[in-house]
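Listing of coords_19.txt, compact mmCIF, C-alpha atoms and all ligand atoms
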```txt
# COMPACT_ATOMS: atom_id res chain seq x y z
CA MET A 1 -26.52 -5.32 -16.62
CA SER A 2 -25.82 -6.83 -13.23
CA THR A 3 -28.94 -7.94 -11.40
CA ALA A 4 -27.05 -8.76 -8.22
CA PRO A 5 -28.36 -7.09 -5.08
CA ARG A 6 -26.34 -4.09 -3.92
CA GLY A 7 -23.49 -4.97 -1.53
CA ILE A 8 -23.39 -4.99 2.24
CA VAL A 9 -22.91 -1.55 3.77
CA VAL A 10 -20.62 -1.48 6.81
CA GLY A 11 -19.91 1.12 9.48
CA HIS A 12 -21.99 4.05 8.21
CA ALA A 13 -23.70 4.73 11.52
CA GLY A 14 -20.90 6.77 13.10
CA ALA A 15 -19.18 10.06 12.32
CA PRO A 16 -18.45 11.20 8.75
CA ALA A 17 -15.32 9.75 7.16
CA ARG A 18 -12.04 11.63 7.37
CA ILE A 19 -8.36 11.03 6.57
CA ASP A 20 -5.44 13.04 7.96
CA VAL A 21 -1.92 12.32 6.76
CA CYS A 22 0.70 14.44 8.46
CA ASP A 23 4.40 14.55 7.36
CA VAL A 24 4.46 10.83 6.64
CA SER A 25 7.64 9.05 5.57
CA VAL A 26 7.92 5.32 4.88
CA SER A 27 11.12 3.44 4.09
CA PHE A 28 11.98 -0.18 3.48
CA PRO A 29 15.22 -1.80 4.62
CA LEU A 30 16.82 -3.52 1.66
CA TYR A 31 19.03 -6.16 3.21
CA HIS A 32 16.50 -8.80 4.24
CA GLY A 33 15.28 -9.70 0.81
CA ASN A 34 11.79 -8.22 0.84
CA SER A 35 12.56 -5.70 -1.91
CA ARG A 36 9.77 -6.44 -4.32
CA SER A 37 11.52 -6.41 -7.64
CA LEU A 38 14.84 -5.59 -9.16
CA LYS A 39 13.18 -3.07 -11.47
CA LYS A 40 11.74 -1.04 -8.60
CA THR A 41 14.99 -1.11 -6.66
CA VAL A 42 16.88 0.11 -9.71
CA ILE A 43 14.35 2.92 -10.13
CA ALA A 44 14.80 3.86 -6.49
CA ALA A 45 18.59 3.86 -6.79
CA ALA A 46 18.49 5.94 -9.95
CA SER A 47 16.26 8.57 -8.36
CA GLY A 48 18.48 9.02 -5.31
CA ARG A 49 16.10 7.36 -2.89
CA LEU A 50 18.46 4.92 -1.29
CA GLY A 51 19.44 6.15 2.16
CA GLN A 52 20.42 4.86 5.59
CA ASP A 53 18.30 4.59 8.72
CA ARG A 54 19.49 5.17 12.29
CA SER A 55 20.91 1.64 12.47
CA HIS A 56 22.90 2.28 9.25
CA ARG A 57 20.78 -0.15 7.22
CA VAL A 58 20.33 0.66 3.54
CA VAL A 59 16.71 1.71 2.97
CA VAL A 60 14.50 2.76 0.05
CA GLN A 61 12.65 5.93 0.93
CA ALA A 62 9.27 5.09 -0.57
CA LEU A 63 7.33 8.06 0.88
CA ARG A 64 8.82 11.36 1.99
CA ASP A 65 7.03 14.11 3.97
CA VAL A 66 3.57 13.39 2.57
CA SER A 67 0.72 15.48 4.02
CA PHE A 68 -2.94 15.89 3.04
CA SER A 69 -6.43 15.71 4.53
CA LEU A 70 -9.60 14.30 3.01
CA VAL A 71 -13.20 14.70 4.13
CA SER A 72 -16.49 13.15 3.07
CA GLY A 73 -17.05 13.82 -0.65
CA ASP A 74 -13.35 13.90 -1.57
CA ARG A 75 -12.27 11.60 -4.41
CA LEU A 76 -8.50 11.54 -4.64
CA GLY A 77 -6.52 10.19 -7.59
CA LEU A 78 -2.84 9.26 -7.14
CA ILE A 79 -0.77 9.63 -10.30
CA GLY A 80 2.95 9.36 -11.08
CA SER A 81 5.42 7.05 -12.80
CA ASN A 82 6.31 3.51 -11.73
CA GLY A 83 7.87 3.57 -8.29
CA ALA A 84 6.50 7.02 -7.41
CA GLY A 85 5.01 5.72 -4.15
CA LYS A 86 1.29 5.37 -5.00
CA THR A 87 0.83 1.78 -3.81
CA THR A 88 2.96 2.45 -0.75
CA LEU A 89 0.71 5.36 0.17
CA LEU A 90 -2.45 3.23 -0.29
CA ARG A 91 -0.95 0.47 1.85
CA THR A 92 0.02 2.98 4.51
CA LEU A 93 -3.56 4.31 4.60
CA ALA A 94 -4.80 0.71 4.89
CA GLY A 95 -2.52 0.17 7.92
CA ILE A 96 -0.38 -2.46 6.14
CA TYR A 97 2.74 -0.29 6.39
CA GLU A 98 3.55 1.89 9.35
CA PRO A 99 5.17 5.30 8.83
CA VAL A 100 8.68 5.66 10.26
CA VAL A 101 7.93 9.36 10.71
CA GLY A 102 4.62 11.22 10.80
CA ARG A 103 1.03 10.29 11.54
CA VAL A 104 -1.95 8.77 9.71
CA ARG A 105 -5.44 9.16 11.14
CA MET A 106 -8.33 7.29 9.50
CA GLN A 107 -11.90 7.83 10.63
CA GLY A 108 -14.58 5.54 9.16
CA SER A 109 -14.94 1.98 7.87
CA ILE A 110 -12.34 1.03 5.25
CA ASN A 111 -12.28 -1.38 2.34
CA ALA A 112 -8.92 -1.73 0.64
CA LEU A 113 -8.95 -3.19 -2.88
CA LEU A 114 -5.21 -3.54 -3.10
CA ASP A 115 -4.36 -7.17 -3.67
CA PRO A 116 -6.63 -9.54 -5.62
CA ASN A 117 -6.05 -12.50 -3.32
CA LEU A 118 -5.97 -10.60 -0.05
CA GLY A 119 -7.53 -12.66 2.72
CA MET A 120 -8.47 -15.64 0.54
CA ASN A 121 -7.57 -19.11 1.79
CA PRO A 122 -7.01 -21.67 -1.02
CA GLU A 123 -7.78 -24.61 1.27
CA LEU A 124 -11.30 -23.35 2.06
CA THR A 125 -14.30 -23.55 -0.27
CA GLY A 126 -15.62 -20.45 -2.00
CA ARG A 127 -18.53 -20.33 0.41
CA GLU A 128 -16.26 -20.66 3.46
CA ASN A 129 -14.10 -17.84 2.15
CA ILE A 130 -17.18 -15.67 1.81
CA ARG A 131 -18.30 -16.39 5.37
CA LEU A 132 -14.81 -15.76 6.71
CA ARG A 133 -14.68 -12.35 5.05
CA GLY A 134 -18.13 -11.53 6.42
CA LEU A 135 -17.15 -12.52 9.94
CA TYR A 136 -13.94 -10.49 9.63
CA ASN A 137 -16.09 -7.47 8.76
CA GLY A 138 -18.29 -8.07 11.80
CA LEU A 139 -21.44 -9.05 9.89
CA GLY A 140 -24.37 -10.70 11.71
CA SER A 141 -26.08 -13.86 10.42
CA ALA A 142 -28.70 -12.05 8.27
CA GLN A 143 -25.98 -9.90 6.66
CA LEU A 144 -23.80 -12.99 6.15
CA ARG A 145 -26.63 -14.62 4.21
CA ARG A 146 -27.03 -11.51 2.06
CA LEU A 147 -23.31 -11.38 1.46
CA GLU A 148 -23.33 -14.99 0.30
CA GLU A 149 -26.27 -14.36 -2.06
CA ASP A 150 -24.69 -11.19 -3.41
CA VAL A 151 -21.30 -12.79 -4.13
CA GLN A 152 -22.89 -15.95 -5.52
CA ALA A 153 -25.08 -13.98 -7.95
CA PHE A 154 -22.20 -11.83 -9.15
CA ALA A 155 -19.38 -14.39 -9.40
CA GLU A 156 -21.54 -16.99 -11.21
CA LEU A 157 -19.43 -19.92 -10.04
CA GLY A 158 -22.31 -22.39 -9.55
CA ASP A 159 -21.35 -25.59 -7.77
CA PHE A 160 -17.72 -24.54 -7.56
CA LEU A 161 -18.63 -22.44 -4.52
CA SER A 162 -18.75 -25.69 -2.53
CA LEU A 163 -15.25 -26.71 -3.63
CA PRO A 164 -11.85 -25.54 -2.33
CA LEU A 165 -10.31 -22.54 -4.06
CA ARG A 166 -7.13 -24.43 -4.94
CA ILE A 167 -8.97 -26.30 -7.71
CA TYR A 168 -10.40 -23.10 -9.27
CA SER A 169 -9.04 -21.76 -12.54
CA SER A 170 -7.26 -18.40 -12.21
CA GLY A 171 -10.26 -16.66 -13.84
CA MET A 172 -12.58 -18.19 -11.25
CA VAL A 173 -10.37 -16.95 -8.42
CA VAL A 174 -10.47 -13.45 -9.93
CA ARG A 175 -14.28 -13.60 -10.12
CA LEU A 176 -14.64 -14.65 -6.52
CA GLY A 177 -11.98 -12.22 -5.25
CA PHE A 178 -13.57 -9.35 -7.12
CA ALA A 179 -17.14 -10.21 -6.10
CA LEU A 180 -16.09 -10.51 -2.48
CA ALA A 181 -13.96 -7.39 -2.37
CA THR A 182 -16.74 -5.29 -3.91
CA ALA A 183 -19.55 -6.72 -1.78
CA ILE A 184 -18.53 -4.82 1.35
CA ARG A 185 -19.44 -1.13 0.97
CA PRO A 186 -17.25 1.04 3.21
CA GLN A 187 -17.09 4.76 4.04
CA ILE A 188 -13.50 4.91 2.78
CA LEU A 189 -12.54 3.04 -0.38
CA LEU A 190 -8.84 2.52 -1.20
CA MET A 191 -8.19 1.12 -4.65
CA ASP A 192 -5.04 0.17 -6.53
CA GLU A 193 -5.07 0.08 -10.29
CA TRP A 194 -5.15 -3.68 -10.85
CA PHE A 195 -8.88 -3.45 -10.12
CA LEU A 196 -9.42 -1.70 -13.41
CA ALA A 197 -7.22 -3.97 -15.49
CA GLY A 198 -8.51 -6.46 -18.05
CA ASP A 199 -11.01 -6.10 -20.84
CA SER A 200 -13.03 -9.30 -20.82
CA ASP A 201 -16.83 -9.44 -20.63
CA PHE A 202 -16.44 -10.00 -16.93
CA MET A 203 -14.48 -6.78 -16.52
CA GLU A 204 -17.29 -4.83 -18.16
CA LYS A 205 -19.76 -6.22 -15.66
CA ALA A 206 -17.16 -5.75 -12.93
CA ARG A 207 -16.68 -2.11 -13.78
CA GLU A 208 -20.37 -1.38 -13.39
CA ARG A 209 -20.30 -2.87 -9.91
CA LEU A 210 -17.13 -0.98 -9.08
CA GLU A 211 -18.62 2.33 -10.20
CA ASP A 212 -21.63 1.70 -8.00
CA MET A 213 -19.31 1.05 -5.08
CA VAL A 214 -17.27 4.19 -5.79
CA ARG A 215 -20.45 6.29 -5.83
CA GLY A 216 -21.51 4.81 -2.48
CA ALA A 217 -18.22 5.58 -0.68
CA GLU A 218 -17.74 8.87 1.18
CA ILE A 219 -14.02 9.04 0.40
CA LEU A 220 -12.18 7.39 -2.52
CA VAL A 221 -8.40 7.11 -2.89
CA LEU A 222 -7.48 5.59 -6.24
CA SER A 223 -4.12 4.94 -7.89
CA SER A 224 -4.26 4.69 -11.67
CA HIS A 225 -2.24 5.17 -14.84
CA GLN A 226 -5.51 5.65 -16.77
CA ALA A 227 -5.96 9.41 -17.02
CA ASP A 228 -9.59 9.20 -18.16
CA VAL A 229 -10.55 7.09 -15.14
CA VAL A 230 -8.87 9.55 -12.78
CA ARG A 231 -10.59 12.47 -14.52
CA ASP A 232 -14.02 10.78 -14.37
CA TRP A 233 -13.85 9.40 -10.85
CA CYS A 234 -11.74 11.90 -8.93
CA ASN A 235 -12.18 15.56 -8.00
CA ARG A 236 -8.65 15.99 -6.64
CA VAL A 237 -5.27 14.60 -7.72
CA LEU A 238 -1.90 14.12 -6.01
CA TRP A 239 0.95 13.86 -8.47
CA MET A 240 3.75 11.86 -6.87
CA ARG A 241 7.39 11.55 -7.83
CA ASP A 242 10.18 9.75 -5.94
CA GLY A 243 7.97 9.36 -2.88
CA ARG A 244 7.02 13.04 -2.65
CA VAL A 245 3.86 14.93 -3.56
CA ILE A 246 4.89 17.36 -6.27
CA ALA A 247 1.42 18.74 -7.10
CA ASP A 248 -1.96 18.64 -5.39
CA GLY A 249 -5.11 20.14 -6.89
CA GLU A 250 -8.16 19.84 -9.09
CA SER A 251 -8.06 16.70 -11.30
CA GLY A 252 -8.29 18.29 -14.75
CA GLU A 253 -5.59 20.85 -14.03
CA ILE A 254 -3.06 18.46 -12.46
CA LEU A 255 -3.66 15.77 -15.10
CA GLU A 256 -3.03 18.30 -17.86
CA ARG A 257 0.24 19.38 -16.26
CA TYR A 258 1.26 15.74 -15.78
CA LEU A 259 0.42 14.62 -19.30
CA GLY A 260 1.53 17.83 -20.99
CA HIS A 261 -1.85 18.04 -22.75
CA PRO A 262 -5.56 17.78 -21.82
CA VAL A 263 -6.87 14.30 -21.04
CA PRO A 264 -7.89 12.80 -24.40
CA THR A 265 -11.44 11.61 -24.94
CA LYS A 266 -12.35 8.02 -24.04
CA GLU A 267 -11.98 6.55 -27.55
CA VAL A 268 -8.27 7.23 -27.73
CA THR A 269 -7.14 6.83 -24.14
CA GLY A 270 -5.64 3.94 -22.34
CA THR A 271 -2.46 4.24 -20.44
CA THR A 272 -1.05 7.54 -21.65
CA ARG A 273 2.71 8.12 -21.38
CA PRO A 274 3.14 11.45 -19.60
CA ARG A 275 5.34 14.01 -21.38
CA ASN A 276 6.23 15.78 -18.14
CA GLU A 277 7.79 12.78 -16.40
CA PRO A 278 11.42 11.73 -16.85
CA PRO A 279 11.81 8.43 -18.74
CA LEU A 280 12.33 5.32 -16.60
CA PRO A 281 15.97 4.38 -16.08
N1 LIG B 1 8.14 -4.13 0.03
C1 LIG B 1 9.06 -3.31 -0.47
N2 LIG B 1 10.38 -3.49 -0.22
C2 LIG B 1 11.30 -2.64 -0.70
N3 LIG B 1 11.03 -1.57 -1.46
C3 LIG B 1 9.74 -1.33 -1.73
C4 LIG B 1 8.70 -2.18 -1.27
N4 LIG B 1 7.51 -1.66 -1.71
C5 LIG B 1 7.83 -0.57 -2.41
N5 LIG B 1 9.16 -0.37 -2.42
C6 LIG B 1 9.87 0.77 -3.04
O1 LIG B 1 9.09 1.92 -2.87
C7 LIG B 1 9.04 2.70 -4.05
C8 LIG B 1 7.59 3.02 -4.37
O2 LIG B 1 6.93 1.84 -4.83
P1 LIG B 1 5.38 1.79 -5.11
O3 LIG B 1 5.05 0.36 -5.37
O4 LIG B 1 4.66 2.49 -4.03
O5 LIG B 1 5.26 2.64 -6.46
P2 LIG B 1 4.01 2.91 -7.39
O6 LIG B 1 3.89 4.38 -7.54
O7 LIG B 1 2.82 2.17 -6.89
O8 LIG B 1 4.49 2.30 -8.79
P3 LIG B 1 3.67 1.53 -9.96
O9 LIG B 1 3.11 2.60 -10.84
O10 LIG B 1 4.75 0.76 -10.64
O11 LIG B 1 2.65 0.65 -9.33
C9 LIG B 1 9.74 1.91 -5.13
O12 LIG B 1 10.94 2.56 -5.44
C10 LIG B 1 10.07 0.56 -4.51
O13 LIG B 1 11.41 0.24 -4.74
MG MG B 2 1.60 0.64 -7.67
```
How would this structure read if it were set down as structure tokens?
Amino acid sequence: MSTAPRGIVVGHAGAPARIDVCDVSVSFPLYHGNSRSLKKTVIAAASGRLGQDRSHRVVVQALRDVSFSLVSGDRLGLIGSNGAGKTTLLRTLAGIYEPVVGRVRMQGSINALLDPNLGMNPELTGRENIRLRGLYNGLGSAQLRRLEEDVQAFAELGDFLSLPLRIYSSGMVVRLGFALATAIRPQILLMDEWFLAGDSDFMEKARERLEDMVRGAEILVLSSHQADVVRDWCNRVLWMRDGRVIADGESGEILERYLGHPVPTKEVTGTTRPRNEPPLP
């Protein structure tokens, strides 16, 4: 059981949270070398998603005509095969990518758990990284102190907190990154699946903290290949394929259509290969 104090709540004073995504398309030009991996590009090519933009550049169409709205209480799971567009959609909601067409409107404070090392500076000490994150989130001095205590208690890094991150082991960086990312409690929580990966003792403790955070958020958008997590945490699911939403509805029903059978019980699940998805090229 974690005895750490509950995280720092930000931005709950205003209006209820809301997300409106209207006819959003996102594409990436391929020529300047920022295509993330050969595998994903091959998947995109094989699924007919390479196109041209107005300047005749070759682009991958990562999201196509995506529309949905979420209000306080909605917990949305994003499912679909590798390259379906789940991470791109999360990053678009977080404001990291801008739609080429369409509109995204986010109302409420946001915490995006998308990249484990997001916003961490290896040259700064653990404690300095914590303060920096707090300042970035607009915390006052009393809240900053609480944030430091909270992260310190959870990450259990002892004296290492006074040393620069570059000398941490990779496990230590994960502990700090996780503790920090889950210390700020937002109205809208965006989460990519890496947050649920791993099965060490730490991940068990981490999961408890994550579940607490998920319960505290007004809106959750989660991408995961773990059907049981999506079933347990989400009340609505978007099934994505080739950048499009191909089904949108109640979690149990969409998951069953996606998998081709009901979601198995916890003991036998993990990452389940969906029967109703074409095999990867
Ligand atoms: N930075 C990028 N540059 C070029 N193409 C990209 C970039 N990011 C994503 N893509 C393309 O967008 C498509 C969607 O990728 P995305 O990472 O959103 O898929 P995903 O559903 O999250 O897949 P996974 O289950 O593997 O995480 C892929 O075909 C990929 O080629
Ligand atoms: Mg992804």
State, in Å with one decimal place, the distance from CA of Asp248 (chain A) to CA of Gly260 (chain A).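 These atoms are spaced 16.0 Å apart.
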Near Leu114 (chain A), within 9 Å and counting all atoms listed in the file, which residues show up once chain neighbours fewer than 6 positions away are dropped, as a count of residues only? 9
Compare A:Leu78, A:Ile254, A:Ile188, A:Val229 by their minimum atom-to-atom distance to ligand LIG 1 (chain B), counting all atoms listed in the file, and give me the closest one.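 Closest candidate: A:Leu78.
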From the list A:Leu255, A:Met240, A:Leu118, A:Val173, which residue is nearest Leu63 (chain A) when using only C-alpha atoms?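 Checking each candidate against Leu63 (chain A), we get A:Met240 as the closest.
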Leu189 (chain A) environment, 9 Å, only C-alpha atoms, sequence neighbours closer than 4 positions dropped, as a list in words: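 Once the nearby chain positions are removed, what remains is Ser109, Ile110, Asn111, Ala112, Leu113, Arg185, Met213, Val214, Ala217, Glu218, Ile219, Leu220, Val221 and Leu222 of chain A.
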Enclose region 202-208 of chain A, meaning all of its atoms listed in the file, in a box aligned along x, y and z, pad it by 4 Å on each side, and list the centre and edge lengths in Å to one decimal, as JSON.
```
{"center_x": -17.4, "center_y": -5.7, "center_z": -15.5, "size_x": 13.9, "size_y": 16.6, "size_z": 13.2}
```
Protein, DNA and RNA residues within 7 Å of (-0.3, 15.8, -11.6), only C-alpha atoms, as a PyMOL selection string: chain A and resi 79+237-239+247+254-255+257-258
Skip region 127-144 of chain A itself and residues of its chain fewer than 5 positions away, then list as a list of chain:residue names all residues within 10 Å of it, counting only C-alpha atoms.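 Those residues are A:Gly7, A:Ile8, A:Val9, A:Val10, A:Gly11, A:Ser109, A:Ile110, A:Asn111, A:Gly119, A:Met120, A:Asn121, A:Pro122, A:Glu149, A:Asp150, A:Val151, A:Gln152, A:Phe160, A:Leu161, A:Ser162, A:Leu163, A:Pro164, A:Leu165, A:Leu176, A:Gly177, A:Ala179, A:Leu180, A:Ala181, A:Ala183, A:Ile184.
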